[in-house]
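Next comes final-v5.cif, a file with mmCIF, C-alpha atoms and all ligand atoms.
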```cif
data_upload
#
loop_
_atom_site.label_atom_id
_atom_site.label_comp_id
_atom_site.auth_asym_id
_atom_site.auth_seq_id
_atom_site.Cartn_x
_atom_site.Cartn_y
_atom_site.Cartn_z
CA MET O 70 -30.76 -3.42 1.70
CA THR O 71 -27.25 -4.03 0.31
CA ARG O 72 -25.94 -1.15 2.47
CA VAL O 73 -27.28 -2.87 5.56
CA LEU O 74 -26.19 -6.40 4.63
CA THR O 75 -22.63 -5.62 3.52
CA PRO O 76 -21.26 -4.56 6.94
CA ILE O 77 -23.10 -7.46 8.63
CA LEU O 78 -21.61 -9.97 6.17
CA ALA O 79 -18.15 -8.39 6.58
CA THR O 80 -18.42 -8.72 10.36
CA LEU O 81 -19.51 -12.37 10.09
CA CYS O 82 -16.62 -13.12 7.70
CA ASN O 83 -14.17 -11.47 10.11
CA LEU O 84 -15.53 -13.48 13.02
CA GLY O 85 -15.25 -16.66 10.96
CA ARG O 86 -11.71 -15.84 9.92
CA GLY O 87 -10.73 -15.04 13.51
CA VAL O 88 -12.10 -18.39 14.73
CA LEU O 89 -10.28 -20.31 11.95
CA ASP O 90 -6.99 -18.45 12.57
CA ALA O 91 -7.19 -19.28 16.27
CA THR O 92 -8.11 -22.94 15.91
CA LEU O 93 -6.41 -24.29 12.77
CA PRO O 94 -2.69 -24.46 12.03
CA GLN O 95 -1.75 -22.33 9.02
CA THR O 96 1.28 -21.38 6.97
CA CYS O 97 3.47 -18.27 7.23
CA VAL O 98 2.26 -15.65 4.71
CA ALA O 99 5.87 -15.07 3.59
CA CYS O 100 7.89 -18.32 3.65
CA GLY O 101 5.06 -20.89 3.82
CA ILE O 102 6.26 -22.92 6.83
CA TRP O 103 3.55 -24.37 9.06
CA LEU O 104 2.70 -22.33 12.15
CA PRO O 105 1.00 -23.50 15.36
CA ALA O 106 -2.69 -22.56 15.70
CA GLY O 107 -3.24 -19.07 17.10
CA SER O 108 0.32 -17.90 16.45
CA GLY O 109 -0.46 -15.20 13.89
CA LEU O 110 0.11 -14.92 10.16
CA ALA O 111 3.91 -14.83 9.84
CA CYS O 112 6.70 -16.88 11.42
CA PRO O 113 9.04 -15.05 13.84
CA GLY O 114 11.88 -15.06 11.26
CA CYS O 115 9.86 -13.34 8.52
CA HIS O 116 8.21 -10.96 10.98
CA THR O 117 11.63 -9.93 12.31
CA GLU O 118 12.95 -9.36 8.77
CA ILE O 119 9.98 -7.10 7.98
CA ALA O 120 10.32 -5.26 11.31
CA ALA O 121 14.01 -4.52 10.57
CA ALA O 122 13.08 -3.09 7.15
CA PHE O 123 10.14 -1.12 8.62
CA LEU O 124 12.38 0.51 11.20
CA ARG O 125 14.89 1.89 8.72
CA PRO O 126 14.58 5.68 8.33
CA GLY O 127 13.04 7.11 5.17
CA CYS O 128 12.14 10.31 3.33
CA PRO O 129 8.64 11.36 4.44
CA ARG O 130 7.90 12.80 1.00
CA CYS O 131 8.99 10.11 -1.49
CA GLY O 132 9.18 7.15 0.91
CA ARG O 133 12.70 6.08 -0.09
CA THR O 134 14.73 4.40 2.64
CA LEU O 135 17.65 6.75 3.33
CA PRO O 136 20.05 7.80 6.09
CA ARG O 137 18.62 10.44 8.42
CA ALA O 138 21.44 12.79 7.45
CA SER O 139 20.23 12.99 3.84
CA ILE O 140 16.69 14.00 4.84
CA HIS O 141 16.14 17.75 5.27
CA GLU O 142 12.93 18.68 7.12
CA ASP O 143 10.32 16.72 5.15
CA HIS O 144 12.20 15.78 1.99
CA CYS O 145 15.42 14.33 0.57
CA ALA O 146 17.74 15.84 -2.04
CA ARG O 147 16.05 13.88 -4.84
CA CYS O 148 12.61 15.23 -3.86
CA ARG O 149 13.96 18.75 -4.38
CA THR O 150 14.79 18.05 -8.02
CA GLU O 151 11.88 15.71 -8.84
CA GLN O 152 8.72 17.74 -8.50
CA PHE O 153 6.71 15.13 -10.32
CA TRP O 154 3.72 14.52 -8.15
CA ASN O 155 0.86 16.01 -6.22
CA VAL O 156 1.49 13.67 -3.31
CA ALA O 157 2.33 15.36 0.00
CA GLY O 158 3.99 12.24 1.43
CA VAL O 159 4.50 8.50 1.00
CA ALA O 160 4.07 6.02 3.85
CA ARG O 161 5.69 2.66 3.18
CA VAL O 162 6.29 -0.50 5.16
CA SER O 163 9.74 -1.23 3.72
CA THR O 164 11.85 -1.57 0.62
CA TYR O 165 11.14 -4.59 -1.60
CA GLU O 166 12.66 -7.12 0.84
CA PRO O 167 12.34 -10.89 0.07
CA ALA O 168 9.72 -11.52 2.80
CA ILE O 169 7.61 -8.52 1.75
CA ARG O 170 7.98 -9.47 -1.91
CA SER O 171 6.74 -12.99 -1.23
CA ILE O 172 3.65 -11.71 0.64
CA VAL O 173 2.84 -9.13 -2.05
CA LEU O 174 3.19 -11.72 -4.85
CA GLY O 175 0.98 -14.17 -2.91
CA LEU O 176 -1.75 -11.51 -2.81
CA LYS O 177 -1.27 -10.32 -6.37
CA TYR O 178 -0.95 -13.62 -8.24
CA ARG O 179 -2.58 -16.17 -5.91
CA GLY O 180 -5.27 -14.00 -4.37
CA GLN O 181 -4.26 -14.82 -0.78
CA GLU O 182 -6.41 -12.29 1.08
CA ARG O 183 -4.98 -13.04 4.53
CA ASN O 184 -1.72 -11.58 3.14
CA ALA O 185 -3.61 -8.30 2.73
CA HIS O 186 -4.67 -8.40 6.39
CA TYR O 187 -1.10 -8.96 7.54
CA LEU O 188 0.22 -6.16 5.28
CA ALA O 189 -2.59 -3.83 6.37
CA GLU O 190 -1.41 -4.10 9.97
CA TRP O 191 2.04 -2.83 8.98
CA LEU O 192 0.63 -0.16 6.71
CA ALA O 193 -1.67 1.07 9.48
CA ALA O 194 1.40 1.42 11.73
CA ALA O 195 3.17 3.38 8.96
CA LEU O 196 0.21 5.79 8.57
CA GLN O 197 -0.07 6.18 12.32
CA ASP O 198 3.62 7.02 12.52
CA ARG O 199 3.13 9.76 9.92
CA GLY O 200 0.29 11.26 11.95
CA TRP O 201 -2.06 11.13 8.95
CA LEU O 202 -5.01 9.40 10.56
CA ASP O 203 -6.67 12.53 11.98
CA GLY O 204 -8.56 14.17 9.15
CA LEU O 205 -8.02 11.43 6.58
CA ASP O 206 -11.32 11.21 4.67
CA ALA O 207 -10.82 8.20 2.39
CA LEU O 208 -8.52 5.55 0.98
CA VAL O 209 -8.37 5.40 -2.81
CA PRO O 210 -7.01 2.17 -4.31
CA VAL O 211 -5.06 2.34 -7.58
CA PRO O 212 -7.62 0.86 -10.00
CA MET O 213 -7.07 -2.20 -12.16
CA HIS O 214 -8.28 -2.38 -15.78
CA TRP O 215 -11.11 -4.90 -16.30
CA LEU O 216 -8.94 -6.86 -18.73
CA ARG O 217 -6.19 -7.33 -16.13
CA ARG O 218 -8.79 -8.05 -13.44
CA TRP O 219 -10.03 -10.87 -15.64
CA GLN O 220 -6.47 -12.34 -15.72
CA ARG O 221 -5.73 -11.97 -12.00
CA PRO O 222 -7.28 -13.73 -8.98
CA CYS O 223 -8.10 -10.42 -7.26
CA ASP O 224 -7.83 -6.65 -7.52
CA HIS O 225 -4.91 -6.55 -5.10
CA ALA O 226 -4.74 -2.79 -4.42
CA ARG O 227 -8.46 -2.75 -3.67
CA VAL O 228 -8.23 -5.79 -1.37
CA LEU O 229 -5.34 -4.15 0.46
CA ALA O 230 -7.19 -0.81 0.75
CA GLU O 231 -10.25 -2.60 2.12
CA ALA O 232 -8.20 -4.50 4.72
CA LEU O 233 -6.58 -1.20 5.73
CA GLY O 234 -9.89 0.66 5.76
CA GLN O 235 -11.44 -2.03 7.96
CA ARG O 236 -8.54 -1.78 10.41
CA LEU O 237 -8.49 2.04 10.52
CA LYS O 238 -12.27 2.57 10.17
CA ILE O 239 -11.68 4.78 7.14
CA ARG O 240 -13.86 4.39 4.07
CA VAL O 241 -12.50 3.08 0.78
CA VAL O 242 -13.69 5.02 -2.27
CA ARG O 243 -13.17 3.93 -5.86
CA LEU O 244 -12.69 7.49 -7.00
CA VAL O 245 -10.60 6.69 -10.05
CA ARG O 246 -11.00 4.16 -12.89
CA ARG O 247 -8.45 2.81 -15.31
CA ALA O 248 -9.71 4.17 -18.61
CA ARG O 249 -7.04 2.60 -20.81
CA HIS O 250 -5.28 -0.76 -20.59
CA SER O 251 -1.48 -0.52 -20.58
CA PRO O 252 1.29 -3.14 -20.51
CA SER O 253 2.43 -4.07 -17.00
CA GLN O 254 5.07 -1.73 -15.56
CA THR O 255 6.98 -4.80 -14.33
CA GLY O 256 8.82 -5.38 -17.61
CA ILE O 257 9.77 -1.71 -18.16
CA SER O 258 13.08 -0.57 -16.67
CA SER O 259 13.40 2.99 -18.03
CA LYS O 260 11.89 5.64 -15.79
CA ALA O 261 10.78 7.82 -18.71
CA GLN O 262 9.10 4.82 -20.37
CA ARG O 263 7.28 3.91 -17.15
CA PHE O 264 5.83 7.43 -16.96
CA GLU O 265 4.90 7.29 -20.65
CA ASN O 266 3.32 3.83 -20.27
CA VAL O 267 0.70 5.02 -17.75
CA ARG O 268 0.20 8.58 -19.03
CA GLY O 269 -3.53 9.26 -19.43
CA CYS O 270 -4.51 5.77 -18.24
CA PHE O 271 -6.71 6.99 -15.39
CA ALA O 272 -9.97 8.95 -15.27
CA PRO O 273 -12.60 9.87 -12.67
CA ALA O 274 -14.96 7.00 -11.76
CA ARG O 275 -18.19 7.21 -13.72
CA TRP O 276 -20.76 6.67 -10.99
CA ARG O 277 -21.40 6.73 -7.23
CA ARG O 278 -18.61 9.26 -6.88
CA PRO O 279 -18.94 11.34 -3.70
CA ASP O 280 -17.93 14.99 -3.65
CA PHE O 281 -14.26 15.14 -2.72
CA ALA O 282 -13.72 18.88 -2.92
CA GLY O 283 -11.41 19.93 -0.09
CA LYS O 284 -10.95 16.40 1.26
CA THR O 285 -7.81 14.56 2.32
CA VAL O 286 -7.29 11.19 0.65
CA CYS O 287 -4.64 8.49 0.62
CA ILE O 288 -3.89 6.51 -2.56
CA VAL O 289 -3.18 2.84 -1.78
CA ASP O 290 -1.03 0.47 -3.85
CA ASN O 291 1.42 -2.37 -3.31
CA LEU O 292 4.59 -0.89 -4.72
CA ILE O 293 6.15 2.38 -5.84
CA THR O 294 9.13 1.99 -8.16
CA THR O 295 9.44 5.31 -10.01
CA GLY O 296 6.16 6.81 -8.79
CA ALA O 297 4.66 6.96 -12.31
CA THR O 298 1.37 5.20 -11.46
CA VAL O 299 0.76 7.09 -8.22
CA HIS O 300 1.57 10.31 -10.06
CA GLU O 301 -1.07 9.65 -12.72
CA VAL O 302 -3.70 8.64 -10.16
CA SER O 303 -2.92 11.71 -8.05
CA LYS O 304 -3.57 13.97 -11.05
CA VAL O 305 -7.14 12.62 -11.29
CA VAL O 306 -7.70 12.84 -7.53
CA ARG O 307 -6.51 16.46 -7.61
CA GLN O 308 -8.79 17.18 -10.57
CA LEU O 309 -11.70 15.89 -8.44
CA GLY O 310 -10.91 18.54 -5.84
CA ALA O 311 -8.97 16.71 -3.13
CA ARG O 312 -7.02 19.24 -1.10
CA ARG O 313 -4.36 16.96 0.33
CA ILE O 314 -3.18 13.68 -1.19
CA TYR O 315 -0.99 11.04 0.42
CA ALA O 316 0.16 7.65 -0.83
CA ALA O 317 0.50 4.45 1.18
CA VAL O 318 2.36 1.49 -0.28
CA ILE O 319 3.74 -1.75 1.06
CA ALA O 320 7.11 -1.34 -0.61
CA ARG O 321 9.06 1.62 -1.95
CA ALA O 322 11.72 0.23 -4.26
CA ALA O 323 15.26 1.33 -3.46
CA ALA O 324 17.09 3.33 -6.13
CA PRO O 325 20.46 1.95 -7.32
CA GLY O 326 23.13 2.94 -4.81
CA ASP O 327 20.76 3.61 -1.88
CA PRO O 328 22.64 2.43 1.25
CA VAL O 329 19.58 0.59 2.57
CA ALA O 330 21.11 -2.34 4.45
CA SER O 331 23.56 -0.26 6.50
CA LEU O 332 21.03 2.14 8.03
CA VAL O 333 20.55 2.50 11.77
CA PRO O 334 16.96 1.61 12.78
CA THR O 335 14.50 4.18 14.09
CA ASP O 336 12.62 3.70 17.36
CA LEU O 337 9.13 3.33 15.86
CA GLU O 338 6.61 0.96 17.37
CA VAL O 339 6.40 -2.38 15.55
CA PRO O 340 3.07 -4.29 15.17
CA SER O 341 3.03 -7.31 17.44
CA THR O 342 1.59 -9.92 15.03
CA SER O 343 4.18 -12.64 14.48
ZN ZN M 401 8.07 -17.17 7.50
ZN ZN M 402 12.50 12.05 -0.95
#
```
Serialized structure, structure tokens:
Amino acid sequence: MTRVLTPILATLCNLGRGVLDATLPQTCVACGIWLPAGSGLACPGCHTEIAAAFLRPGCPRCGRTLPRASIHEDHCARCRTEQFWNVAGVARVSTYEPAIRSIVLGLKYRGQERNAHYLAEWLAAALQDRGWLDGLDALVPVPMHWLRRWQRPCDHARVLAEALGQRLKIRVVRLVRRARHSPSQTGISSKAQRFENVRGCFAPARWRRPDFAGKTVCIVDNLITTGATVHEVSKVVRQLGARRIYAAVIARAAAPGDPVASLVPTDLEVPSTS
């Protein structure tokens, strides 16, 4: 019965949200200014800022925003020396720009789910650009420990994965669980310590786990800084038999010295929501 009711309820909620978005004035998901009814989720200024960041070229493997000249085939020079993950490629919307940061924090700390729907539109465009949609079997959110879930208004990676899955018609599978609570990565600046902090934190989900042998999956999270969390999750997904693993994140943090702001934009298609 639950299997039948869940999609019906989701459809009704979407219809309700669509009607409210079209008829009531609301605020910009990034800067909070009031928008006219039916004008979308972000103001033109914030949408333009995100579009500019989205259009900057990046390394298809690690997702860092870099000049085209420093990307060789499907990787950058740093990818050649850092063989730290099982992930075949990272799709990202942008670096951690102020507008993106504000939307991500609104989702993470205030549980603003419409932020997830706005971000999912960008992320869907990023995945489409990579050509990953054909043959992608599932989206796997980075899991949150129950203790942190208790402290936060929502499980933000899961909410984002579900908004993306709904948009792309790809199923979301909670393939991995967080077996051990660890301090937040936010306060840790050393790369080695960030890897150490999450080492062994993840394990296969205990129940209702479909067979993923030979499948292609995409890990979904808000942010990659060093890649430590995605690396640990990818180890479990690989252990469960996935053949190809991608990662999709809203923001890929720039490394110190990356010439992000001066890059010439690409000619990708930008989502029209503004
Ligand atoms: Zn705005
Ligand atoms: Zn790279």
TODO: Excluding range 267-282 of chain O and residues on its chain fewer than 3 positions from it, collect all residues at most 12 Å away from it, counting only C-alpha atoms, and give them as JSON, numbers by chain.
DONE: {"O": [205, 206, 207, 208, 209, 210, 211, 212, 213, 214, 240, 241, 242, 243, 244, 245, 246, 247, 248, 249, 250, 251, 252, 253, 254, 257, 260, 261, 262, 263, 264, 285, 286, 295, 296, 297, 298, 299, 300, 301, 302, 303, 304, 305, 306, 307, 308, 309, 310, 311, 312, 313, 314]}
Deliver the residues from the most recent selection as a file, using C-alpha atoms, as a PDB file, in the frame of the given file.
```
ATOM      1  CA  LEU O 205      -8.020  11.430   6.580  1.00  0.00           C
ATOM      2  CA  ASP O 206     -11.320  11.210   4.670  1.00  0.00           C
ATOM      3  CA  ALA O 207     -10.820   8.200   2.390  1.00  0.00           C
ATOM      4  CA  LEU O 208      -8.520   5.550   0.980  1.00  0.00           C
ATOM      5  CA  VAL O 209      -8.370   5.400  -2.810  1.00  0.00           C
ATOM      6  CA  PRO O 210      -7.010   2.170  -4.310  1.00  0.00           C
ATOM      7  CA  VAL O 211      -5.060   2.340  -7.580  1.00  0.00           C
ATOM      8  CA  PRO O 212      -7.620   0.860 -10.000  1.00  0.00           C
ATOM      9  CA  MET O 213      -7.070  -2.200 -12.160  1.00  0.00           C
ATOM     10  CA  HIS O 214      -8.280  -2.380 -15.780  1.00  0.00           C
ATOM     11  CA  ARG O 240     -13.860   4.390   4.070  1.00  0.00           C
ATOM     12  CA  VAL O 241     -12.500   3.080   0.780  1.00  0.00           C
ATOM     13  CA  VAL O 242     -13.690   5.020  -2.270  1.00  0.00           C
ATOM     14  CA  ARG O 243     -13.170   3.930  -5.860  1.00  0.00           C
ATOM     15  CA  LEU O 244     -12.690   7.490  -7.000  1.00  0.00           C
ATOM     16  CA  VAL O 245     -10.600   6.690 -10.050  1.00  0.00           C
ATOM     17  CA  ARG O 246     -11.000   4.160 -12.890  1.00  0.00           C
ATOM     18  CA  ARG O 247      -8.450   2.810 -15.310  1.00  0.00           C
ATOM     19  CA  ALA O 248      -9.710   4.170 -18.610  1.00  0.00           C
ATOM     20  CA  ARG O 249      -7.040   2.600 -20.810  1.00  0.00           C
ATOM     21  CA  HIS O 250      -5.280  -0.760 -20.590  1.00  0.00           C
ATOM     22  CA  SER O 251      -1.480  -0.520 -20.580  1.00  0.00           C
ATOM     23  CA  PRO O 252       1.290  -3.140 -20.510  1.00  0.00           C
ATOM     24  CA  SER O 253       2.430  -4.070 -17.000  1.00  0.00           C
ATOM     25  CA  GLN O 254       5.070  -1.730 -15.560  1.00  0.00           C
ATOM     26  CA  ILE O 257       9.770  -1.710 -18.160  1.00  0.00           C
ATOM     27  CA  LYS O 260      11.890   5.640 -15.790  1.00  0.00           C
ATOM     28  CA  ALA O 261      10.780   7.820 -18.710  1.00  0.00           C
ATOM     29  CA  GLN O 262       9.100   4.820 -20.370  1.00  0.00           C
ATOM     30  CA  ARG O 263       7.280   3.910 -17.150  1.00  0.00           C
ATOM     31  CA  PHE O 264       5.830   7.430 -16.960  1.00  0.00           C
ATOM     32  CA  THR O 285      -7.810  14.560   2.320  1.00  0.00           C
ATOM     33  CA  VAL O 286      -7.290  11.190   0.650  1.00  0.00           C
ATOM     34  CA  THR O 295       9.440   5.310 -10.010  1.00  0.00           C
ATOM     35  CA  GLY O 296       6.160   6.810  -8.790  1.00  0.00           C
ATOM     36  CA  ALA O 297       4.660   6.960 -12.310  1.00  0.00           C
ATOM     37  CA  THR O 298       1.370   5.200 -11.460  1.00  0.00           C
ATOM     38  CA  VAL O 299       0.760   7.090  -8.220  1.00  0.00           C
ATOM     39  CA  HIS O 300       1.570  10.310 -10.060  1.00  0.00           C
ATOM     40  CA  GLU O 301      -1.070   9.650 -12.720  1.00  0.00           C
ATOM     41  CA  VAL O 302      -3.700   8.640 -10.160  1.00  0.00           C
ATOM     42  CA  SER O 303      -2.920  11.710  -8.050  1.00  0.00           C
ATOM     43  CA  LYS O 304      -3.570  13.970 -11.050  1.00  0.00           C
ATOM     44  CA  VAL O 305      -7.140  12.620 -11.290  1.00  0.00           C
ATOM     45  CA  VAL O 306      -7.700  12.840  -7.530  1.00  0.00           C
ATOM     46  CA  ARG O 307      -6.510  16.460  -7.610  1.00  0.00           C
ATOM     47  CA  GLN O 308      -8.790  17.180 -10.570  1.00  0.00           C
ATOM     48  CA  LEU O 309     -11.700  15.890  -8.440  1.00  0.00           C
ATOM     49  CA  GLY O 310     -10.910  18.540  -5.840  1.00  0.00           C
ATOM     50  CA  ALA O 311      -8.970  16.710  -3.130  1.00  0.00           C
ATOM     51  CA  ARG O 312      -7.020  19.240  -1.100  1.00  0.00           C
ATOM     52  CA  ARG O 313      -4.360  16.960   0.330  1.00  0.00           C
ATOM     53  CA  ILE O 314      -3.180  13.680  -1.190  1.00  0.00           C
TER      54      ILE O 314
END
```
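A straight line drawn from CA of Leu237 in chain O to CA of Asn184 in chain O is 16.9 Å long.
Comparing the minimum interatomic distances between Ala320 in chain O and each of O:Leu292, O:Ala189, O:Ala106, O:Cys112, counting only C-alpha atoms, we find that O:Leu292 sits nearest.
You can rank O:Asp198, O:Glu166, O:Glu182, O:Asp327 by their closest distance to ligand ZN 402 (chain M) using all atoms listed in the file, and at the top of that list sits O:Asp327.
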TODO: Between CA of Ala120 in chain O and CA of Cys223 in chain O, measure the distance and give it in Å to one decimal.
DONE: 26.7 Å
Quick one: which chain O residues come within 9 Å of ligand ZN 402 (chain M), and what is the nearest atom pair for each with the distance in Å to one decimal, counting all atoms listed in the file, rows ordered by chain and ascending number, as JSON lines?
```
{"residue": "O:Gly127", "atom": "CA", "partner": "M:ZN402", "partner_atom": "ZN", "distance": 7.9}
{"residue": "O:Cys128", "atom": "CA", "partner": "M:ZN402", "partner_atom": "ZN", "distance": 4.6}
{"residue": "O:Pro129", "atom": "CA", "partner": "M:ZN402", "partner_atom": "ZN", "distance": 6.7}
{"residue": "O:Arg130", "atom": "CA", "partner": "M:ZN402", "partner_atom": "ZN", "distance": 5.1}
{"residue": "O:Cys131", "atom": "CA", "partner": "M:ZN402", "partner_atom": "ZN", "distance": 4.0}
{"residue": "O:Gly132", "atom": "CA", "partner": "M:ZN402", "partner_atom": "ZN", "distance": 6.2}
{"residue": "O:Arg133", "atom": "CA", "partner": "M:ZN402", "partner_atom": "ZN", "distance": 6.0}
{"residue": "O:Thr134", "atom": "CA", "partner": "M:ZN402", "partner_atom": "ZN", "distance": 8.7}
{"residue": "O:Leu135", "atom": "CA", "partner": "M:ZN402", "partner_atom": "ZN", "distance": 8.5}
{"residue": "O:Ile140", "atom": "CA", "partner": "M:ZN402", "partner_atom": "ZN", "distance": 7.4}
{"residue": "O:Asp143", "atom": "CA", "partner": "M:ZN402", "partner_atom": "ZN", "distance": 8.0}
{"residue": "O:His144", "atom": "CA", "partner": "M:ZN402", "partner_atom": "ZN", "distance": 4.8}
{"residue": "O:Cys145", "atom": "CA", "partner": "M:ZN402", "partner_atom": "ZN", "distance": 4.0}
{"residue": "O:Ala146", "atom": "CA", "partner": "M:ZN402", "partner_atom": "ZN", "distance": 6.6}
{"residue": "O:Arg147", "atom": "CA", "partner": "M:ZN402", "partner_atom": "ZN", "distance": 5.6}
{"residue": "O:Cys148", "atom": "CA", "partner": "M:ZN402", "partner_atom": "ZN", "distance": 4.3}
{"residue": "O:Arg149", "atom": "CA", "partner": "M:ZN402", "partner_atom": "ZN", "distance": 7.7}
{"residue": "O:Glu151", "atom": "CA", "partner": "M:ZN402", "partner_atom": "ZN", "distance": 8.7}
{"residue": "O:Gly158", "atom": "CA", "partner": "M:ZN402", "partner_atom": "ZN", "distance": 8.8}
{"residue": "O:Val159", "atom": "CA", "partner": "M:ZN402", "partner_atom": "ZN", "distance": 9.0}
```
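The space separating CA of Pro222 in chain O from CA of Lys238 in chain O comes to 25.6 Å.
Around ligand ZN 401 (chain M), using only C-alpha atoms and all ligand atoms and a cut-off of 6 Å, the residues in contact are Cys97, Ala99, Cys100, Ala111, Cys112, Gly114 and Cys115 of chain O.
Comparing O:Arg161, O:His186, O:Lys177, O:Arg137 by their smallest distance to Thr335 in chain O, the closest is O:Arg137 (using only C-alpha atoms).
Residue nearest Phe123 in chain O within the list O:Leu233, O:Val98, O:Ile239, O:Val162: O:Val162 [criterion: smallest interatomic distance, all atoms listed in the file].
When all atoms listed in the file are used to measure the gap to Pro340 in chain O, the shortest distance among O:Tyr315, O:Trp201, O:Trp215, O:Tyr187 belongs to O:Tyr187.
The residue that comes closest to Arg170 in chain O, out of O:Arg125, O:Arg183, O:Arg221, O:Arg321 and on the basis of all atoms listed in the file, is O:Arg321.
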Open item on the list: as JSON, numbers by chain, please: the residues near Leu188 in chain O (cut-off 9 Å, only C-alpha atoms, same-chain neighbours under 3 positions excluded).
Closed with: {"O": [162, 169, 172, 173, 183, 184, 185, 191, 192, 193, 229, 232, 233, 319]}
Next, dump the selected residues to file, keeping only C-alpha atoms, as a tab-separated table (two decimals), in the coordinates of the input.
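Output saved as selection-v7.tsv:
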```
chain	number	residue	atom	x	y	z
O	162	VAL	CA	6.29	-0.50	5.16
O	169	ILE	CA	7.61	-8.52	1.75
O	172	ILE	CA	3.65	-11.71	0.64
O	173	VAL	CA	2.84	-9.13	-2.05
O	183	ARG	CA	-4.98	-13.04	4.53
O	184	ASN	CA	-1.72	-11.58	3.14
O	185	ALA	CA	-3.61	-8.30	2.73
O	191	TRP	CA	2.04	-2.83	8.98
O	192	LEU	CA	0.63	-0.16	6.71
O	193	ALA	CA	-1.67	1.07	9.48
O	229	LEU	CA	-5.34	-4.15	0.46
O	232	ALA	CA	-8.20	-4.50	4.72
O	233	LEU	CA	-6.58	-1.20	5.73
O	319	ILE	CA	3.74	-1.75	1.06
```
